[in-house]
2 protein chains.
Amino acid sequence: MSSGSFSFELPDWVSEAVAARPSDMSDVEERMRFVLGLASRHVASGTGGPFAAAVFDALSHELIAVGVNLVVPSSSPVAHAEVVAFSFAGQQRGNFDLGAGGPTELVTSTEPCAMCLGAVHWSGISRLVIAARDEDARASGFDEGNKPEGWEQAFAGNGIEVVRDVLRSHGADVLRTYAEGGGEIYNAGGTGLDA
Amino acid sequence: MSSGSFSFELPDWVSEAVAARPSDMSDVEERMRFVLGLASRHVASGTGGPFAAAVFDALSHELIAVGVNLVVPSSSPVAHAEVVAFSFAGQQRGNFDLGAGGPTELVTSTEPCAMCLGAVHWSGISRLVIAARDEDARASGFDEGNKPEGWEQAFAGNGIEVVRDVLRSHGADVLRTYAEGGGEIYNAGGTGLDA
């Protein structure tokens with residue numbers, strides 16, 4: 001029986017990548033370029049799957065926390081980039097509600113899977129910014145899970161703005177490069193690849 | 001900026017509760033009674049919300065890992081009981097695919113929310129056992145998120161058996177007792193209570 005403590009550990013290179021980020025990330029493409037750089041470096045470093053996300057202050061555009069997909073290295077089926085980023089962001093803010101200290105934004109390299117859309121619902125963020133689309137992920141062989149119809153409209157009704165296609169082709173390239181390069185493909189329960 | 005390590009820490013009383021579990025949990029109601037006991041004790045101890053879950057070996061019925069809702073104490077919007085249980089179970093098995101070492105089962109005190117249904121999809125479990133229904137949670141004021149239509153059928157198609165209403169009224173009682181007792185109600189982003 002497992003008990004006590006479970007940790008998400010970011011790869012060592014992350015702190016260096018974070019320290020080297022642009023000083024001005026007021027442009028949304030700049031924020032996405034940073035996130036896609038994390039996804040690419042995660043792949044190139046062999047530290048996990050081709051997914052990254054970051055939480056920013058939605059007004060000042062300051063970086064609050066980053067996440068990368070840690071499913072394989074942490075042996076956790078839930079350690080998607082968004083789940084990891086939300087956990088670090090809550091730790092940083094000292095509050096599970098990421099909107100409690102002012103509006104926040106999630107910038108993610110690929111449209112969130114079914115689980116991570118649920119996580120967005122709970123997170124308290126005000127804006128969701130996405131590069132690669134669901135169909136880009138599926139075209140590279142990744143499963144996205146069973147998403148509710150009309151989730152974008154539901155988010156809009158809950159005050160969460162969705163911004164798509166920010167550096168979409170760059171995002172799709174990261175996925176394709178990983179898949180074509182023979183990156184580890186994990187497949188829980190016969191349900192396909194995990195995005 | 002937050003970086004490095006993020007941990008889920010189970011409350012101190014959990015190891016004692018786990019050690020005191022029945023030696024024979026081959027009966028599904030016995031497994032659910034154990035899980036509902038964790039949810040009740042979590043509330044009584046003031047260590048978090050009224051939700052608990054556990055992963056069992058689906059053949060031997062041995063306990064692999066437990067989880068309780070740690071959203072408030074861990075300041076993480078994703079630290080639902082199921083997410084916590086899956087993470088500890090992966091750590092215990094040394095594999096993100098909880099089905100890799102033989103079939104496993106999740107026993108949970110309340111029907112999983114939208115995020116946790118997604119987590120079930122990725123987990124690799126073969127059976128999902130539920131006490132309180134979605135409508136019991138909503139009747140006590142808890143939000144369950146935006147679930148896809150027909151998720152049970154989709155799980156069946158992926159080889160995940162869903163068993164409902166196991167000690168349902170006991171499960172609903174745990175939720176009602178918490179809500180009526182003035183337990184902390186958290187509400188991220190104005191989207192309602194978090195189940």
# chains A, B, ... in the order shown; residues from 1 in each chain; ligands from 1
>>> closest_atom_pairs(of="stretch 57-175 of chain B", to="stretch 6-11 of chain B", cutoff="8 Å", atoms="only C-alpha atoms", output="Markdown table")
| residue | atom | partner | partner_atom | distance |
| --- | --- | --- | --- | --- |
| B:Gly67 | CA | B:Leu10 | CA | 7.5 |
| B:Val68 | CA | B:Leu10 | CA | 7.5 |
| B:Leu70 | CA | B:Phe8 | CA | 7.4 |
| B:Ser74 | CA | B:Phe8 | CA | 6.5 |
| B:Ala79 | CA | B:Phe8 | CA | 7.7 |
| B:Val84 | CA | B:Phe8 | CA | 7.2 |
>>> write_last_selection(atoms="C-alpha atoms", output="PDB file, in the first residue's frame")
ATOM      1  CA  GLY B  67      -6.769   9.129  -2.001  1.00  0.00           C
ATOM      2  CA  VAL B  68      -8.773  11.842  -0.313  1.00  0.00           C
ATOM      3  CA  LEU B  70      -6.673  17.525  -0.969  1.00  0.00           C
ATOM      4  CA  SER B  74      -2.534  21.205  -1.042  1.00  0.00           C
ATOM      5  CA  ALA B  79      -6.248  17.281  -6.067  1.00  0.00           C
ATOM      6  CA  VAL B  84      -4.644  11.577  -5.688  1.00  0.00           C
TER       7      VAL B  84
END
>>> calpha_fit_and_write(fixed="chain B", moving="chain A", output="CSV table (one decimal) with C-alpha atoms, in the first residue's frame")
chain,number,residue,atom,x,y,z
A,1,MET,CA,7.7,31.5,-10.4
A,2,SER,CA,7.1,28.1,-8.9
A,3,SER,CA,9.4,25.3,-10.0
A,4,GLY,CA,11.0,22.1,-8.7
A,5,SER,CA,8.7,19.8,-6.7
A,6,PHE,CA,5.0,19.7,-5.8
A,7,SER,CA,3.6,17.1,-3.4
A,8,PHE,CA,0.3,15.6,-2.4
A,9,GLU,CA,0.6,14.8,1.3
A,10,LEU,CA,-2.0,12.4,2.8
A,11,PRO,CA,-3.3,13.3,6.3
A,12,ASP,CA,-1.5,11.6,9.2
A,13,TRP,CA,-4.6,9.6,10.2
A,14,VAL,CA,-4.6,7.8,6.8
A,15,SER,CA,-1.9,5.3,7.6
A,16,GLU,CA,-3.7,4.3,10.8
A,17,ALA,CA,-7.0,3.9,8.9
A,18,VAL,CA,-5.3,1.8,6.2
A,19,ALA,CA,-3.6,-0.4,8.8
A,20,ALA,CA,-7.0,-1.0,10.5
A,21,ARG,CA,-8.7,-2.1,7.3
A,22,PRO,CA,-10.5,-5.4,7.2
A,23,SER,CA,-8.3,-8.3,6.2
A,24,ASP,CA,-10.9,-9.6,3.8
A,25,MET,CA,-12.2,-7.1,1.3
A,26,SER,CA,-13.4,-9.5,-1.3
A,27,ASP,CA,-16.9,-8.1,-1.0
A,28,VAL,CA,-17.5,-4.9,-2.9
A,29,GLU,CA,-19.6,-3.4,-0.1
A,30,GLU,CA,-16.7,-4.0,2.3
A,31,ARG,CA,-14.4,-2.1,0.0
A,32,MET,CA,-16.9,0.7,-0.4
A,33,ARG,CA,-17.4,0.8,3.4
A,34,PHE,CA,-13.7,1.3,3.8
A,35,VAL,CA,-13.7,4.2,1.3
A,36,LEU,CA,-16.7,5.9,2.8
A,37,GLY,CA,-15.0,5.5,6.2
A,38,LEU,CA,-12.0,7.5,4.8
A,39,ALA,CA,-14.3,10.2,3.4
A,40,SER,CA,-16.1,10.5,6.8
A,41,ARG,CA,-12.9,10.6,8.7
A,42,HIS,CA,-11.5,13.2,6.4
A,43,VAL,CA,-14.4,15.4,7.2
A,44,ALA,CA,-14.4,14.6,10.9
A,45,SER,CA,-10.7,15.3,11.1
A,46,GLY,CA,-11.1,18.6,9.3
A,47,THR,CA,-8.5,17.6,6.8
A,48,GLY,CA,-10.5,18.2,3.6
A,49,GLY,CA,-13.7,17.7,1.6
A,50,PRO,CA,-16.0,14.7,1.8
A,51,PHE,CA,-14.5,12.6,-1.0
A,52,ALA,CA,-12.3,9.5,-0.9
A,53,ALA,CA,-11.3,6.9,-3.4
A,54,ALA,CA,-9.1,3.8,-3.4
A,55,VAL,CA,-7.4,1.6,-6.0
A,56,PHE,CA,-7.6,-2.2,-5.5
A,57,ASP,CA,-6.3,-5.2,-7.3
A,58,ALA,CA,-9.4,-6.3,-9.3
A,59,LEU,CA,-8.6,-10.0,-8.8
A,60,SER,CA,-7.1,-10.3,-5.3
A,61,HIS,CA,-9.0,-7.3,-3.9
A,62,GLU,CA,-5.8,-6.1,-2.2
A,63,LEU,CA,-5.5,-2.4,-1.5
A,64,ILE,CA,-3.0,-0.6,-3.7
A,65,ALA,CA,-3.5,3.0,-2.8
A,66,VAL,CA,-6.0,5.5,-1.3
A,67,GLY,CA,-6.8,9.1,-2.0
A,68,VAL,CA,-8.8,11.8,-0.3
A,69,ASN,CA,-9.7,15.3,-1.6
A,70,LEU,CA,-6.7,17.5,-1.0
A,71,VAL,CA,-7.8,20.6,-2.9
A,72,VAL,CA,-7.8,22.9,0.1
A,73,PRO,CA,-4.8,21.6,2.1
A,74,SER,CA,-2.5,21.2,-1.0
A,75,SER,CA,-3.7,24.4,-2.7
A,76,SER,CA,-4.2,22.4,-5.9
A,77,PRO,CA,-7.4,22.6,-7.9
A,78,VAL,CA,-6.8,19.2,-9.3
A,79,ALA,CA,-6.2,17.3,-6.1
A,80,HIS,CA,-9.5,15.4,-6.1
A,81,ALA,CA,-9.6,12.0,-4.4
A,82,GLU,CA,-9.4,10.1,-7.6
A,83,VAL,CA,-6.5,12.0,-9.0
A,84,VAL,CA,-4.7,11.6,-5.7
A,85,ALA,CA,-5.4,7.8,-5.5
A,86,PHE,CA,-4.3,7.3,-9.1
A,87,SER,CA,-1.0,9.1,-8.5
A,88,PHE,CA,-0.3,7.1,-5.4
A,89,ALA,CA,-1.3,3.9,-7.2
A,90,GLY,CA,1.1,4.6,-10.1
A,91,GLN,CA,3.9,5.3,-7.6
A,92,GLN,CA,3.2,2.0,-5.8
A,93,ARG,CA,3.1,0.0,-9.1
A,94,GLY,CA,6.0,1.9,-10.7
A,95,ASN,CA,3.9,2.4,-13.8
A,96,PHE,CA,1.5,5.1,-15.0
A,97,ASP,CA,-0.7,2.3,-16.5
A,98,LEU,CA,-2.5,0.9,-13.5
A,99,GLY,CA,-3.6,-2.1,-15.6
A,100,ALA,CA,0.0,-3.1,-16.5
A,101,GLY,CA,0.5,-5.4,-13.5
A,102,GLY,CA,-3.0,-7.0,-13.8
A,103,PRO,CA,-6.5,-5.5,-13.7
A,104,THR,CA,-7.3,-2.9,-11.1
A,105,GLU,CA,-10.4,-1.2,-9.8
A,106,LEU,CA,-11.2,2.3,-8.5
A,107,VAL,CA,-13.7,2.5,-5.7
A,108,THR,CA,-14.9,6.0,-5.1
A,109,SER,CA,-17.3,7.6,-2.7
A,110,THR,CA,-19.1,9.8,-5.3
A,111,GLU,CA,-19.5,9.6,-9.1
A,112,PRO,CA,-16.3,11.2,-10.5
A,113,CYS,CA,-16.5,14.8,-11.8
A,114,ALA,CA,-15.8,15.6,-15.4
A,115,MET,CA,-12.0,15.9,-14.7
A,116,CYS,CA,-11.9,12.6,-12.8
A,117,LEU,CA,-13.9,10.8,-15.5
A,118,GLY,CA,-11.0,11.9,-17.9
A,119,ALA,CA,-8.5,10.6,-15.3
A,120,VAL,CA,-10.3,7.2,-15.3
A,121,HIS,CA,-9.9,7.0,-19.0
A,122,TRP,CA,-6.1,7.4,-18.7
A,123,SER,CA,-5.6,5.3,-15.6
A,124,GLY,CA,-5.9,1.9,-17.2
A,125,ILE,CA,-8.3,0.6,-14.5
A,126,SER,CA,-10.8,-2.1,-15.5
A,127,ARG,CA,-13.6,-1.3,-13.1
A,128,LEU,CA,-15.1,1.8,-11.6
A,129,VAL,CA,-17.3,1.4,-8.4
A,130,ILE,CA,-19.4,4.3,-7.2
A,131,ALA,CA,-21.5,5.0,-4.1
A,132,ALA,CA,-23.3,8.4,-4.4
A,133,ARG,CA,-24.7,9.4,-7.7
A,134,ASP,CA,-24.0,12.7,-9.6
A,135,GLU,CA,-27.5,13.9,-8.6
A,136,ASP,CA,-26.7,13.2,-4.9
A,137,ALA,CA,-23.7,15.4,-5.2
A,138,ARG,CA,-25.6,18.1,-7.0
A,139,ALA,CA,-28.5,17.9,-4.4
A,140,SER,CA,-25.9,18.7,-1.7
A,141,GLY,CA,-24.7,21.7,-3.7
A,142,PHE,CA,-21.6,20.2,-5.3
A,143,ASP,CA,-20.7,20.9,-8.9
A,144,GLU,CA,-19.7,17.9,-11.0
A,145,GLY,CA,-18.6,19.8,-14.1
A,146,ASN,CA,-19.5,19.3,-17.7
A,147,LYS,CA,-19.5,15.5,-18.4
A,148,PRO,CA,-19.8,14.0,-21.9
A,149,GLU,CA,-23.1,12.4,-22.8
A,150,GLY,CA,-23.0,8.6,-22.6
A,151,TRP,CA,-19.7,8.4,-20.7
A,152,GLU,CA,-20.7,5.0,-19.2
A,153,GLN,CA,-21.2,3.5,-22.6
A,154,ALA,CA,-17.9,5.0,-23.8
A,155,PHE,CA,-16.2,3.4,-20.8
A,156,ALA,CA,-17.9,0.0,-21.5
A,157,GLY,CA,-16.6,0.3,-25.1
A,158,ASN,CA,-13.1,0.8,-23.7
A,159,GLY,CA,-13.4,-2.2,-21.4
A,160,ILE,CA,-14.1,-0.3,-18.2
A,161,GLU,CA,-17.0,-1.8,-16.2
A,162,VAL,CA,-19.0,0.7,-14.2
A,163,VAL,CA,-20.8,-0.4,-11.0
A,164,ARG,CA,-23.1,2.1,-9.4
A,165,ASP,CA,-25.1,2.5,-6.3
A,166,VAL,CA,-22.9,0.5,-4.0
A,167,LEU,CA,-23.9,1.8,-0.6
A,168,ARG,CA,-25.3,4.8,-2.4
A,169,SER,CA,-27.4,6.1,0.5
A,170,HIS,CA,-24.4,5.9,2.8
A,171,GLY,CA,-22.4,7.8,0.2
A,172,ALA,CA,-25.1,10.5,-0.1
A,173,ASP,CA,-25.2,10.8,3.7
A,174,VAL,CA,-21.5,11.7,3.8
A,175,LEU,CA,-22.1,14.5,1.3
A,176,ARG,CA,-25.2,15.8,3.1
A,177,THR,CA,-23.6,15.7,6.5
A,178,TYR,CA,-20.7,17.7,5.3
A,179,ALA,CA,-22.8,20.3,3.5
A,180,GLU,CA,-25.3,20.6,6.4
A,181,GLY,CA,-22.4,20.8,8.9
A,182,GLY,CA,-21.0,23.9,7.3
A,183,GLY,CA,-17.9,22.3,5.9
A,184,GLU,CA,-15.7,24.6,3.9
A,185,ILE,CA,-17.3,25.2,0.5
A,186,TYR,CA,-14.8,26.0,-2.2
A,187,ASN,CA,-15.8,27.5,-5.5
A,188,ALA,CA,-13.2,28.2,-8.1
A,189,GLY,CA,-14.0,30.7,-10.8
A,190,GLY,CA,-17.6,31.1,-9.8
A,191,THR,CA,-18.4,27.7,-11.2
A,192,GLY,CA,-19.9,26.2,-8.0
A,193,LEU,CA,-18.8,23.6,-5.5
A,194,ASP,CA,-16.2,21.1,-6.4
A,195,ALA,CA,-16.9,17.3,-6.3
>>> select_by_dssp(residues="chain B", states="helix (DSSP H, G or I)", output="ChimeraX atom specification")
/B:13-19,28-44,71-74,81-93,114-123,134-139,151-157,168-180,188-190
>>> select_by_dssp(residues="stretch 8-111 of chain A", states="strand (DSSP E or B)", output="ChimeraX atom specification")
/A:8-9,52-57,63-68,104-110
